[in-house]
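Chemist: Input structure: model.txt, which contains compact mmCIF, C-alpha atoms.
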# COMPACT_ATOMS: atom_id res chain seq x y z
CA MET A 240 -42.77 2.51 24.53
CA LYS A 241 -45.59 4.04 26.64
CA SER A 242 -48.36 2.41 28.62
CA ASN A 243 -51.85 2.73 27.18
CA LYS A 244 -55.17 2.62 29.03
CA ASN A 245 -53.66 1.85 32.44
CA ILE A 246 -51.58 -1.08 31.15
CA PRO A 247 -48.13 -0.96 32.82
CA LEU A 248 -44.99 -0.80 30.69
CA GLU A 249 -43.71 -4.13 32.11
CA VAL A 250 -46.71 -5.94 30.65
CA TYR A 251 -46.03 -4.54 27.18
CA GLN A 252 -42.32 -5.38 27.39
CA SER A 253 -42.80 -8.93 28.66
CA ARG A 254 -45.43 -9.74 26.03
CA ARG A 255 -43.25 -8.28 23.29
CA TYR A 256 -40.31 -10.50 24.32
CA PHE A 257 -42.59 -13.53 24.62
CA ASP A 258 -44.13 -13.07 21.16
CA ARG A 259 -40.78 -12.41 19.49
CA ILE A 260 -39.13 -15.47 21.05
CA CYS A 261 -42.08 -17.67 20.07
CA SER A 262 -42.01 -16.17 16.57
CA PHE A 263 -38.38 -17.17 16.06
CA MET A 264 -38.69 -20.51 17.86
CA PHE A 265 -41.70 -21.76 15.91
CA SER A 266 -41.00 -19.94 12.61
CA GLU A 267 -44.11 -17.79 13.04
CA PHE A 268 -42.32 -14.97 11.21
CA ILE A 269 -42.70 -17.02 7.99
CA PRO A 270 -46.13 -16.29 6.44
CA GLU A 271 -48.71 -19.07 6.49
CA SER A 272 -49.30 -20.87 3.21
CA LYS A 273 -52.52 -22.25 1.80
CA TRP A 274 -50.59 -25.48 1.17
CA LYS A 275 -50.52 -27.64 4.30
CA ILE A 276 -47.31 -29.39 3.28
CA LEU A 277 -45.47 -26.06 3.13
CA ASN A 278 -46.61 -25.22 6.66
CA GLU A 279 -45.34 -28.60 7.83
CA LEU A 280 -42.01 -28.01 6.10
CA LYS A 281 -41.75 -24.65 7.83
CA LEU A 282 -41.93 -26.41 11.20
CA SER A 283 -39.36 -28.96 10.06
CA VAL A 284 -36.59 -26.48 9.22
CA TYR A 285 -35.06 -26.31 12.70
CA PRO A 286 -35.21 -30.08 13.38
CA ILE A 287 -33.60 -30.86 10.01
CA ILE A 288 -30.76 -28.41 10.68
CA MET A 289 -30.21 -29.77 14.20
CA PHE A 290 -30.36 -33.42 13.12
CA TYR A 291 -27.77 -32.80 10.43
CA MET A 292 -25.60 -30.86 12.88
CA VAL A 293 -25.69 -33.72 15.41
CA TYR A 294 -24.93 -36.19 12.61
CA CYS A 295 -21.94 -34.09 11.52
CA ILE A 296 -20.67 -34.00 15.10
CA ILE A 297 -20.91 -37.79 15.38
CA TYR A 298 -19.25 -38.10 11.97
CA SER A 299 -16.40 -35.83 13.10
CA LEU A 300 -15.97 -37.78 16.34
CA PHE A 301 -15.69 -41.21 14.72
CA VAL A 302 -14.53 -40.51 11.15
CA GLY A 303 -12.82 -37.12 11.26
CA GLU A 304 -9.70 -35.93 13.04
CA ALA A 305 -11.38 -34.72 16.23
CA THR A 306 -9.90 -37.46 18.39
CA SER A 307 -6.37 -36.24 17.56
CA SER A 308 -7.11 -32.82 19.04
CA PRO A 309 -8.25 -32.69 22.69
CA THR A 310 -9.53 -29.13 22.20
CA LYS A 311 -11.72 -30.11 19.24
CA LEU A 312 -12.93 -33.14 21.17
CA SER A 313 -14.06 -31.01 24.11
CA TYR A 314 -15.79 -28.57 21.74
CA LEU A 315 -17.65 -31.37 19.97
CA ILE A 316 -18.84 -32.86 23.25
CA VAL A 317 -20.23 -29.45 24.21
CA TYR A 318 -21.99 -28.95 20.87
CA PHE A 319 -23.35 -32.50 20.86
CA GLY A 320 -24.92 -31.90 24.28
CA GLY A 321 -26.32 -28.57 23.11
CA GLY A 322 -27.73 -30.11 19.93
CA TYR A 323 -29.40 -32.96 21.83
CA GLN A 324 -30.97 -30.61 24.38
CA ALA A 325 -32.13 -28.18 21.69
CA LEU A 326 -33.83 -31.02 19.78
CA ALA A 327 -35.51 -32.29 22.95
CA LYS A 328 -36.80 -28.83 23.88
CA TYR A 329 -38.10 -28.06 20.39
CA ILE A 330 -39.88 -31.39 19.95
CA LEU A 331 -41.47 -31.31 23.42
CA TYR A 332 -42.67 -27.74 22.94
CA ARG A 333 -44.20 -28.73 19.59
CA ILE A 334 -45.97 -31.66 21.27
CA HIS A 335 -47.43 -29.36 23.91
CA MET A 336 -48.39 -26.43 21.67
CA GLU A 337 -51.99 -26.57 22.94
CA ASP A 338 -50.78 -26.01 26.51
CA LEU A 339 -48.57 -23.15 25.33
CA GLU A 340 -51.51 -21.55 23.52
CA GLU A 341 -53.61 -21.79 26.68
CA ILE A 342 -50.92 -19.92 28.60
CA ARG A 343 -50.62 -17.34 25.82
CA ASN A 344 -54.40 -16.76 25.93
CA PHE A 345 -54.18 -16.44 29.70
CA MET A 346 -51.52 -13.74 29.31
CA THR A 347 -53.68 -11.93 26.74
CA ASN A 348 -56.69 -12.02 29.06
CA LEU A 349 -54.66 -10.66 31.95
CA LYS A 350 -53.43 -7.81 29.76
CA GLY A 351 -56.99 -7.04 28.64
CA SER A 352 -58.34 -7.08 32.20
CA LEU A 353 -55.94 -4.31 33.20
CA LYS A 354 -58.12 -1.85 31.26
CA ASP A 355 -61.02 -2.43 33.70
CA SER A 356 -61.55 -0.46 36.88
CA ASP A 357 -62.89 -3.07 39.32
CA MET A 358 -61.15 -4.10 42.56
CA ILE A 359 -59.37 -7.16 41.12
CA SER A 360 -58.09 -5.25 38.08
CA ASP A 361 -56.76 -2.47 40.31
CA ILE A 362 -54.86 -4.99 42.44
CA ARG A 363 -53.61 -6.84 39.35
CA ARG A 364 -52.39 -3.57 37.84
CA GLU A 365 -50.24 -3.10 40.93
CA GLN A 366 -49.00 -6.66 41.46
CA LEU A 367 -48.37 -7.94 37.91
CA PRO A 368 -45.61 -5.41 37.05
CA LYS A 369 -43.79 -6.29 40.29
CA ALA A 370 -43.75 -9.96 39.33
CA LEU A 371 -42.64 -9.23 35.75
CA GLN A 372 -39.71 -6.97 36.66
CA PHE A 373 -37.39 -9.90 37.45
CA SER A 374 -38.43 -11.80 34.30
CA ILE A 375 -37.75 -8.79 32.06
CA ARG A 376 -34.35 -8.09 33.60
CA PHE A 377 -33.41 -11.75 33.33
CA VAL A 378 -34.53 -12.08 29.70
CA LYS A 379 -32.55 -8.98 28.68
CA SER A 380 -29.35 -9.98 30.49
CA PHE A 381 -29.38 -13.69 29.57
CA LEU A 382 -30.20 -13.05 25.90
CA ALA A 383 -27.51 -10.36 25.61
CA THR A 384 -24.90 -12.54 27.35
CA SER A 385 -25.69 -15.55 25.16
CA MET A 386 -25.56 -13.58 21.92
CA ILE A 387 -22.40 -11.60 22.72
CA GLY A 388 -20.52 -14.56 24.22
CA GLY A 389 -21.65 -16.91 21.48
CA HIS A 390 -20.62 -14.56 18.68
CA PHE A 391 -17.24 -13.97 20.31
CA ILE A 392 -16.57 -17.73 20.41
CA PHE A 393 -17.83 -18.21 16.84
CA VAL A 394 -15.58 -15.46 15.43
CA SER A 395 -12.60 -16.65 17.48
CA ASN A 396 -13.01 -20.24 16.28
CA SER A 397 -13.53 -19.09 12.69
CA PHE A 398 -10.10 -17.46 12.60
CA SER A 399 -8.39 -20.27 14.51
CA THR A 400 -9.68 -22.89 12.05
CA ASN A 401 -9.16 -20.70 8.97
CA PHE A 402 -12.97 -20.63 8.46
CA GLU A 403 -13.11 -24.38 7.84
CA CYS A 404 -15.13 -25.36 10.94
CA PRO A 405 -16.11 -22.52 13.32
CA LEU A 406 -18.08 -25.01 15.46
CA MET A 407 -15.31 -27.61 15.14
CA PHE A 408 -17.26 -30.24 13.22
CA GLN A 409 -16.80 -31.20 9.56
CA LEU A 410 -19.66 -31.16 7.08
CA ALA A 411 -20.44 -34.79 6.33
CA HIS A 412 -20.60 -36.10 2.76
CA ILE A 413 -19.79 -32.79 1.06
CA PRO A 414 -17.81 -33.45 -2.17
CA LEU A 415 -15.48 -30.48 -1.72
CA SER A 416 -11.90 -30.30 -0.50
CA HIS A 417 -11.50 -28.58 2.86
CA ASP A 418 -8.82 -26.33 1.37
CA THR A 419 -11.09 -24.72 -1.21
CA TRP A 420 -12.77 -21.38 -0.69
CA GLN A 421 -16.10 -22.88 -1.73
CA TYR A 422 -16.00 -25.31 1.18
CA ARG A 423 -15.01 -22.56 3.62
CA VAL A 424 -17.88 -20.34 2.54
CA LEU A 425 -20.35 -23.24 2.70
CA SER A 426 -19.00 -24.44 6.05
CA THR A 427 -18.93 -21.01 7.69
CA GLY A 428 -22.45 -20.24 6.45
CA PHE A 429 -23.92 -23.52 7.69
CA HIS A 430 -22.07 -23.31 11.00
CA TYR A 431 -23.43 -19.81 11.59
CA ILE A 432 -26.96 -21.00 10.83
CA CYS A 433 -26.44 -23.85 13.35
CA PHE A 434 -25.15 -21.34 15.90
CA ILE A 435 -28.22 -19.08 15.52
CA VAL A 436 -30.60 -22.05 15.67
CA LEU A 437 -28.87 -23.31 18.83
CA ILE A 438 -29.21 -19.90 20.48
CA ILE A 439 -32.89 -19.64 19.53
CA VAL A 440 -33.94 -23.18 20.43
CA LEU A 441 -31.63 -23.72 23.40
CA VAL A 442 -32.06 -20.36 25.13
CA GLY A 443 -35.56 -19.45 23.88
CA PRO A 444 -37.50 -21.98 26.04
CA ASP A 445 -35.73 -20.75 29.19
CA LEU A 446 -36.71 -17.16 28.43
CA ILE A 447 -40.31 -18.19 27.67
CA LEU A 448 -40.44 -20.12 30.96
CA SER A 449 -39.27 -17.08 32.92
CA ILE A 450 -41.95 -14.85 31.38
CA MET A 451 -44.74 -17.43 31.87
CA VAL A 452 -43.81 -17.85 35.54
CA GLY A 453 -43.76 -14.06 35.88
CA TYR A 454 -47.41 -13.88 34.78
CA ILE A 455 -48.41 -16.76 37.05
CA ASP A 456 -46.53 -15.14 39.92
CA GLY A 457 -48.36 -11.87 39.26
CA GLU A 458 -51.75 -13.57 39.33
CA LEU A 459 -50.92 -15.45 42.56
CA ARG A 460 -49.89 -12.14 44.13
CA THR A 461 -53.21 -10.67 42.99
CA ILE A 462 -55.22 -13.52 44.52
CA LYS A 463 -53.27 -13.19 47.75
CA GLU A 464 -54.05 -9.46 47.95
CA VAL A 465 -57.73 -10.11 47.20
CA VAL A 466 -57.88 -12.63 50.04
CA GLY A 467 -56.05 -10.13 52.25
CA LYS A 468 -59.14 -7.90 52.13
CA LEU A 469 -60.80 -10.45 54.43
CA ASN A 470 -58.31 -9.66 57.21
CA ASP A 471 -60.64 -6.80 58.14
CA PRO A 472 -63.46 -8.24 60.31
CA GLU A 473 -65.95 -5.71 58.90
CA VAL A 474 -65.17 -6.73 55.31
CA ALA A 475 -65.31 -10.43 56.30
CA ARG A 476 -68.84 -9.95 57.67
CA LYS A 477 -70.28 -7.93 54.78
CA GLN A 478 -68.31 -8.77 51.62
CA SER A 479 -66.97 -12.28 52.22
CA ASN A 480 -69.30 -13.96 49.73
CA GLU A 481 -68.27 -11.76 46.80
CA ILE A 482 -64.55 -11.93 47.63
CA LEU A 483 -64.55 -15.70 48.21
CA ARG A 484 -66.38 -16.40 44.96
CA SER A 485 -63.92 -14.23 43.03
CA THR A 486 -61.03 -15.94 44.79
CA TYR A 487 -62.42 -19.37 43.97
CA PHE A 488 -62.73 -18.71 40.23
CA LEU A 489 -59.34 -16.97 40.07
CA HIS A 490 -57.70 -19.87 41.86
CA ILE A 491 -59.37 -22.45 39.62
CA ARG A 492 -58.06 -20.61 36.55
CA ILE A 493 -54.50 -20.22 37.84
CA ASN A 494 -54.48 -23.92 38.78
CA ASP A 495 -55.42 -24.80 35.19
CA ILE A 496 -52.63 -22.57 33.84
CA MET A 497 -50.10 -24.11 36.22
CA THR A 498 -51.22 -27.54 35.00
CA ASN A 499 -50.54 -26.41 31.41
CA LEU A 500 -47.07 -25.26 32.44
CA ARG A 501 -46.37 -28.50 34.29
CA ASN A 502 -47.51 -30.51 31.23
CA ILE A 503 -45.00 -28.65 29.04
CA LEU A 504 -42.16 -29.19 31.51
CA TRP A 505 -43.12 -32.69 32.69
CA GLN A 506 -40.64 -34.46 30.38
CA MET A 507 -38.50 -31.47 29.43
CA SER A 508 -37.40 -30.83 33.01
CA ILE A 509 -35.93 -34.32 33.43
CA HIS A 510 -34.07 -33.90 30.11
CA ILE A 511 -32.64 -30.59 31.33
CA LEU A 512 -31.62 -31.92 34.74
CA VAL A 513 -30.05 -35.18 33.54
CA SER A 514 -28.26 -33.78 30.47
CA ASN A 515 -26.95 -30.76 32.39
CA PHE A 516 -25.80 -32.99 35.24
CA ILE A 517 -23.85 -35.18 32.80
CA PHE A 518 -22.42 -32.14 31.03
CA ILE A 519 -21.24 -30.47 34.26
CA CYS A 520 -19.77 -33.74 35.47
CA MET A 521 -17.90 -34.38 32.21
CA THR A 522 -16.70 -30.77 31.97
CA PHE A 523 -15.15 -30.90 35.42
CA PHE A 524 -13.69 -34.30 34.59
CA ILE A 525 -12.16 -33.12 31.28
CA THR A 526 -10.60 -30.03 32.87
CA ARG A 527 -8.58 -32.31 35.13
CA PHE A 528 -6.67 -33.46 32.02
CA LEU A 529 -7.01 -30.46 29.69
CA SER A 530 -6.76 -26.74 30.24
CA PRO A 531 -10.32 -25.36 30.12
CA SER A 532 -11.23 -23.85 26.75
CA LEU A 533 -13.25 -20.68 26.27
CA VAL A 534 -16.22 -22.59 24.90
CA SER A 535 -16.15 -24.99 27.87
CA VAL A 536 -16.27 -22.12 30.35
CA PHE A 537 -19.01 -20.30 28.43
CA SER A 538 -21.07 -23.50 28.00
CA LEU A 539 -20.64 -24.40 31.65
CA MET A 540 -21.95 -20.97 32.65
CA ASN A 541 -24.88 -21.39 30.24
CA VAL A 542 -25.73 -24.82 31.66
CA VAL A 543 -25.60 -23.55 35.24
CA PHE A 544 -27.82 -20.61 34.23
CA GLN A 545 -30.35 -23.07 32.79
CA LEU A 546 -30.43 -24.94 36.08
CA VAL A 547 -30.75 -21.65 37.96
CA ILE A 548 -33.68 -20.61 35.73
CA ILE A 549 -35.76 -23.75 36.18
CA SER A 550 -34.89 -24.04 39.90
CA ILE A 551 -35.68 -20.42 40.79
CA ASN A 552 -38.90 -20.38 38.74
CA SER A 553 -40.10 -23.59 40.36
CA GLN A 554 -39.14 -22.25 43.79
CA THR A 555 -41.11 -19.07 43.02
CA LEU A 556 -44.23 -21.10 42.27
CA LEU A 557 -43.75 -23.17 45.43
CA ASN A 558 -43.34 -20.06 47.57
CA LYS A 559 -46.29 -18.17 46.07
CA THR A 560 -48.72 -21.10 46.37
CA GLU A 561 -47.65 -21.52 49.99
CA GLU A 562 -48.08 -17.78 50.66
CA PHE A 563 -51.63 -17.97 49.29
CA ALA A 564 -52.49 -20.75 51.77
CA ASP A 565 -50.93 -18.72 54.59
CA ALA A 566 -52.95 -15.66 53.55
CA LEU A 567 -56.17 -17.69 53.88
CA TRP A 568 -55.29 -18.67 57.45
CA MET A 569 -54.74 -15.01 58.35
CA THR A 570 -58.24 -13.91 57.34
CA SER A 571 -61.06 -13.17 59.76
CA TRP A 572 -62.87 -16.32 58.63
CA TYR A 573 -64.62 -16.64 62.00
CA GLU A 574 -66.59 -13.45 61.22
CA MET A 575 -68.15 -14.98 58.11
CA CYS A 576 -71.56 -16.55 57.97
CA VAL A 577 -71.75 -20.35 57.98
CA LYS A 578 -72.47 -20.51 54.23
CA ASP A 579 -69.35 -18.46 53.42
CA GLN A 580 -67.27 -20.48 55.87
CA LYS A 581 -68.09 -23.59 53.82
CA ILE A 582 -66.85 -21.85 50.66
CA PHE A 583 -63.77 -20.76 52.59
CA LEU A 584 -63.02 -24.36 53.61
CA ILE A 585 -63.29 -25.51 49.98
CA ILE A 586 -60.77 -22.86 48.88
CA LEU A 587 -58.50 -23.60 51.84
CA ASN A 588 -58.49 -27.31 51.01
CA MET A 589 -57.55 -26.51 47.38
CA ALA A 590 -54.72 -24.21 48.48
CA GLN A 591 -53.01 -26.60 50.90
CA ARG A 592 -50.72 -28.25 48.36
CA ARG A 593 -47.60 -26.40 47.22
CA LYS A 594 -47.19 -26.55 43.45
CA GLY A 595 -43.98 -26.22 41.46
CA ILE A 596 -42.34 -27.74 38.39
CA GLU A 597 -42.05 -31.52 38.56
CA ALA A 598 -39.31 -33.57 36.90
CA SER A 599 -41.43 -36.33 35.31
CA GLY A 600 -43.02 -37.02 38.68
CA VAL A 601 -39.66 -38.03 40.19
CA SER A 602 -39.35 -34.92 42.35
CA THR A 603 -40.43 -31.31 42.58
CA ILE A 604 -37.69 -28.95 41.42
CA SER A 605 -36.49 -26.28 43.84
CA VAL A 606 -33.34 -24.36 44.70
CA ASN A 607 -32.23 -27.43 46.64
CA THR A 608 -32.28 -29.36 43.33
CA LEU A 609 -29.69 -26.95 41.89
CA VAL A 610 -27.43 -27.38 44.93
CA GLN A 611 -27.71 -31.17 44.84
CA ILE A 612 -26.89 -31.37 41.10
CA LEU A 613 -23.78 -29.19 41.48
CA LYS A 614 -22.59 -31.19 44.50
CA SER A 615 -23.22 -34.53 42.79
CA SER A 616 -21.47 -33.38 39.59
CA LEU A 617 -18.31 -32.48 41.49
CA THR A 618 -18.44 -35.75 43.42
CA TYR A 619 -18.84 -37.95 40.32
CA ALA A 620 -16.20 -36.02 38.40
CA ALA A 621 -13.70 -36.56 41.25
CA PHE A 622 -14.68 -40.24 41.41
CA LEU A 623 -14.10 -40.72 37.65
CA TYR A 624 -10.74 -38.98 37.87
CA THR A 625 -9.67 -41.17 40.79
CA LEU A 626 -10.93 -44.30 39.04
CA ILE A 627 -9.02 -43.61 35.81
CA THR A 628 -5.79 -42.31 37.35
The structure in this file should be written as structure tokens.
Modeler:
Amino acid sequence: MKSNKNIPLEVYQSRRYFDRICSFMFSEFIPESKWKILNELKLSVYPIIMFYMVYCIIYSLFVGEATSSPTKLSYLIVYFGGGYQALAKYILYRIHMEDLEEIRNFMTNLKGSLKDSDMISDIRREQLPKALQFSIRFVKSFLATSMIGGHFIFVSNSFSTNFECPLMFQLAHIPLSHDTWQYRVLSTGFHYICFIVLIIVLVGPDLILSIMVGYIDGELRTIKEVVGKLNDPEVARKQSNEILRSTYFLHIRINDIMTNLRNILWQMSIHILVSNFIFICMTFFITRFLSPSLVSVFSLMNVVFQLVIISINSQTLLNKTEEFADALWMTSWYEMCVKDQKIFLIILNMAQRRKGIEASGVSTISVNTLVQILKSSLTYAAFLYTLIT
């Protein structure tokens, strides 16, 4: 794929990944129908599959033979946690589709502005690819790891269960004997559909988040470089009004986009943190009594990666918003006229607050959040083990 009209390759790649993930997540690859009810049913496919999967897991836990096999029990706990988190992510994204569309339009506008030849577009053309490089590498590696590792576990479990329950749960209320080939075909097919849906809905939002933060990071870098022009006293005296006005409108827009992102993650982040904390804690606790299974190790790595994603992305936003405020202090503001100094103070006041991803207003997520969750998980797991033994 080649760049066209001065648009860097990283912008094309990131937008391609973003659109494809959204297409699979929200069934956009299915053509729109003139019947509204069919469009609503299209959006209900994933939730119906996940609800039935979670129901089958609960059915297997309380009615099936899962309790007689510690390995199956640990698998079902993992899949139940994954199903719950996938449902929460999908529903919350659907609720905040307007915010997601605002961010998508923002990304489209940034891409279109790269064709221009003004000062801001030139800086953006240099800074945006730098910010997107990490997001692209992460999306490629995380998606490949999830697909390869997930398929390996699925195939391994298929053979170990004689294709009766690759994901270890029984299909509830199916009037077929488990020994028949019809049941095995039906079970393997449905389990594979559940596996693909879990990958799409569980991993997709994390990849979308990484790309969205990459674009926001690129724009914050651009604003910082624009403000950096005012470090030159000569520029501060002659061009401060134009640069400050551009900075003001750019900062207002990026603040609105960050608000859209925070709206999407306001409730989702607390779901991710709490459910992943419980999962890590229970996984460490279970491994004290059982030898760790392949799915437990893979799922634990996936959960830790999710925490790493949201923590690093939030930390990136915190750092970049702080760097913008620092860049303002470093300008030759004292060379500006009094009118421009007033505009400068307005922008400086707006830039004072660091902004990251908030967990339902409880706290702002950062790398320290990741460390605290891992430490607390180990502590509670050891406490449970001591309490029971």
Chemist: CA of Ile496 (chain A) and CA of Lys594 (chain A) are how many Å apart?
Modeler: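 Computing it gives 11.7 Å between the two atoms.
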Chemist: Compute the distance from (-31.1, -23.9, 37.5) to each atom, counting only C-alpha atoms, keep the residues with any atom at most 10 Å away, and return them as a JSON list (two decimals) with C-alpha atoms, in the frame of the given file; use the coordinates of the file.
Modeler:
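Writing done, so here's result.json:
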[["chain", "number", "residue", "atom", "x", "y", "z"],
["A", 511, "ILE", "CA", -32.64, -30.59, 31.33],
["A", 512, "LEU", "CA", -31.62, -31.92, 34.74],
["A", 515, "ASN", "CA", -26.95, -30.76, 32.39],
["A", 541, "ASN", "CA", -24.88, -21.39, 30.24],
["A", 542, "VAL", "CA", -25.73, -24.82, 31.66],
["A", 543, "VAL", "CA", -25.60, -23.55, 35.24],
["A", 544, "PHE", "CA", -27.82, -20.61, 34.23],
["A", 545, "GLN", "CA", -30.35, -23.07, 32.79],
["A", 546, "LEU", "CA", -30.43, -24.94, 36.08],
["A", 547, "VAL", "CA", -30.75, -21.65, 37.96],
["A", 548, "ILE", "CA", -33.68, -20.61, 35.73],
["A", 549, "ILE", "CA", -35.76, -23.75, 36.18],
["A", 550, "SER", "CA", -34.89, -24.04, 39.90],
["A", 551, "ILE", "CA", -35.68, -20.42, 40.79],
["A", 552, "ASN", "CA", -38.90, -20.38, 38.74],
["A", 553, "SER", "CA", -40.10, -23.59, 40.36],
["A", 604, "ILE", "CA", -37.69, -28.95, 41.42],
["A", 605, "SER", "CA", -36.49, -26.28, 43.84],
["A", 606, "VAL", "CA", -33.34, -24.36, 44.70],
["A", 607, "ASN", "CA", -32.23, -27.43, 46.64],
["A", 608, "THR", "CA", -32.28, -29.36, 43.33],
["A", 609, "LEU", "CA", -29.69, -26.95, 41.89],
["A", 610, "VAL", "CA", -27.43, -27.38, 44.93],
["A", 612, "ILE", "CA", -26.89, -31.37, 41.10],
["A", 613, "LEU", "CA", -23.78, -29.19, 41.48]]
Chemist: Could you work out how far CA of Ser571 (chain A) lies from CA of Asn470 (chain A), giving the answer in Å with one decimal?
Modeler: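 So the answer is 5.1 Å.
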Chemist: So how far away is CA of Thr347 (chain A) from CA of Arg254 (chain A), in Å?
Modeler: 8.6 Å
Chemist: Point out the residue among A:Glu473, A:Glu597, A:Glu337, A:Glu562 with the least atom-to-atom distance to Ser508 (chain A), counting only C-alpha atoms.
Modeler: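 Distance minimum relative to Ser508 (chain A) lands on A:Glu597.
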Chemist: Just add all heavy atoms to region 412-418 of chain A and send it as a CSV table (one decimal), in the coordinates of the input.
Modeler:
chain,number,residue,atom,x,y,z
A,412,HIS,N,-20.2,-35.7,4.1
A,412,HIS,CA,-20.6,-36.1,2.8
A,412,HIS,C,-20.7,-34.9,1.8
A,412,HIS,O,-21.7,-34.8,1.0
A,412,HIS,CB,-21.9,-36.9,2.8
A,412,HIS,CG,-21.9,-38.0,3.8
A,412,HIS,ND1,-21.0,-39.0,3.8
A,412,HIS,CD2,-22.7,-38.2,4.9
A,412,HIS,CE1,-21.3,-39.9,4.8
A,412,HIS,NE2,-22.3,-39.4,5.4
A,413,ILE,N,-19.8,-33.9,2.0
A,413,ILE,CA,-19.8,-32.8,1.1
A,413,ILE,C,-18.6,-33.0,0.1
A,413,ILE,O,-17.5,-33.1,0.5
A,413,ILE,CB,-19.6,-31.5,1.8
A,413,ILE,CG1,-20.7,-31.2,2.8
A,413,ILE,CG2,-19.5,-30.3,0.8
A,413,ILE,CD1,-22.1,-31.1,2.2
A,414,PRO,N,-18.9,-33.1,-1.2
A,414,PRO,CA,-17.8,-33.4,-2.2
A,414,PRO,C,-16.9,-32.2,-2.5
A,414,PRO,O,-16.8,-31.9,-3.7
A,414,PRO,CB,-18.6,-33.9,-3.4
A,414,PRO,CG,-19.9,-33.2,-3.3
A,414,PRO,CD,-20.2,-33.0,-1.9
A,415,LEU,N,-16.4,-31.6,-1.5
A,415,LEU,CA,-15.5,-30.5,-1.7
A,415,LEU,C,-14.3,-30.6,-0.8
A,415,LEU,O,-14.4,-31.1,0.3
A,415,LEU,CB,-16.2,-29.2,-1.4
A,415,LEU,CG,-17.3,-28.7,-2.4
A,415,LEU,CD1,-18.0,-27.4,-1.8
A,415,LEU,CD2,-16.7,-28.4,-3.7
A,416,SER,N,-13.1,-30.3,-1.3
A,416,SER,CA,-11.9,-30.3,-0.5
A,416,SER,C,-12.0,-29.2,0.6
A,416,SER,O,-12.5,-28.1,0.3
A,416,SER,CB,-10.7,-30.1,-1.4
A,416,SER,OG,-9.5,-30.0,-0.6
A,417,HIS,N,-11.5,-29.5,1.8
A,417,HIS,CA,-11.5,-28.6,2.9
A,417,HIS,C,-10.6,-27.4,2.6
A,417,HIS,O,-10.8,-26.3,3.3
A,417,HIS,CB,-11.1,-29.3,4.2
A,417,HIS,CG,-12.1,-30.3,4.6
A,417,HIS,ND1,-11.9,-31.0,5.8
A,417,HIS,CD2,-13.2,-30.8,4.0
A,417,HIS,CE1,-12.9,-31.9,5.9
A,417,HIS,NE2,-13.7,-31.7,4.8
A,418,ASP,N,-9.7,-27.4,1.6
A,418,ASP,CA,-8.8,-26.3,1.4
A,418,ASP,C,-9.4,-25.3,0.4
A,418,ASP,O,-8.8,-24.2,0.2
A,418,ASP,CB,-7.5,-26.9,0.8
A,418,ASP,CG,-6.8,-27.8,1.8
A,418,ASP,OD1,-7.0,-27.5,3.0
A,418,ASP,OD2,-6.1,-28.7,1.4
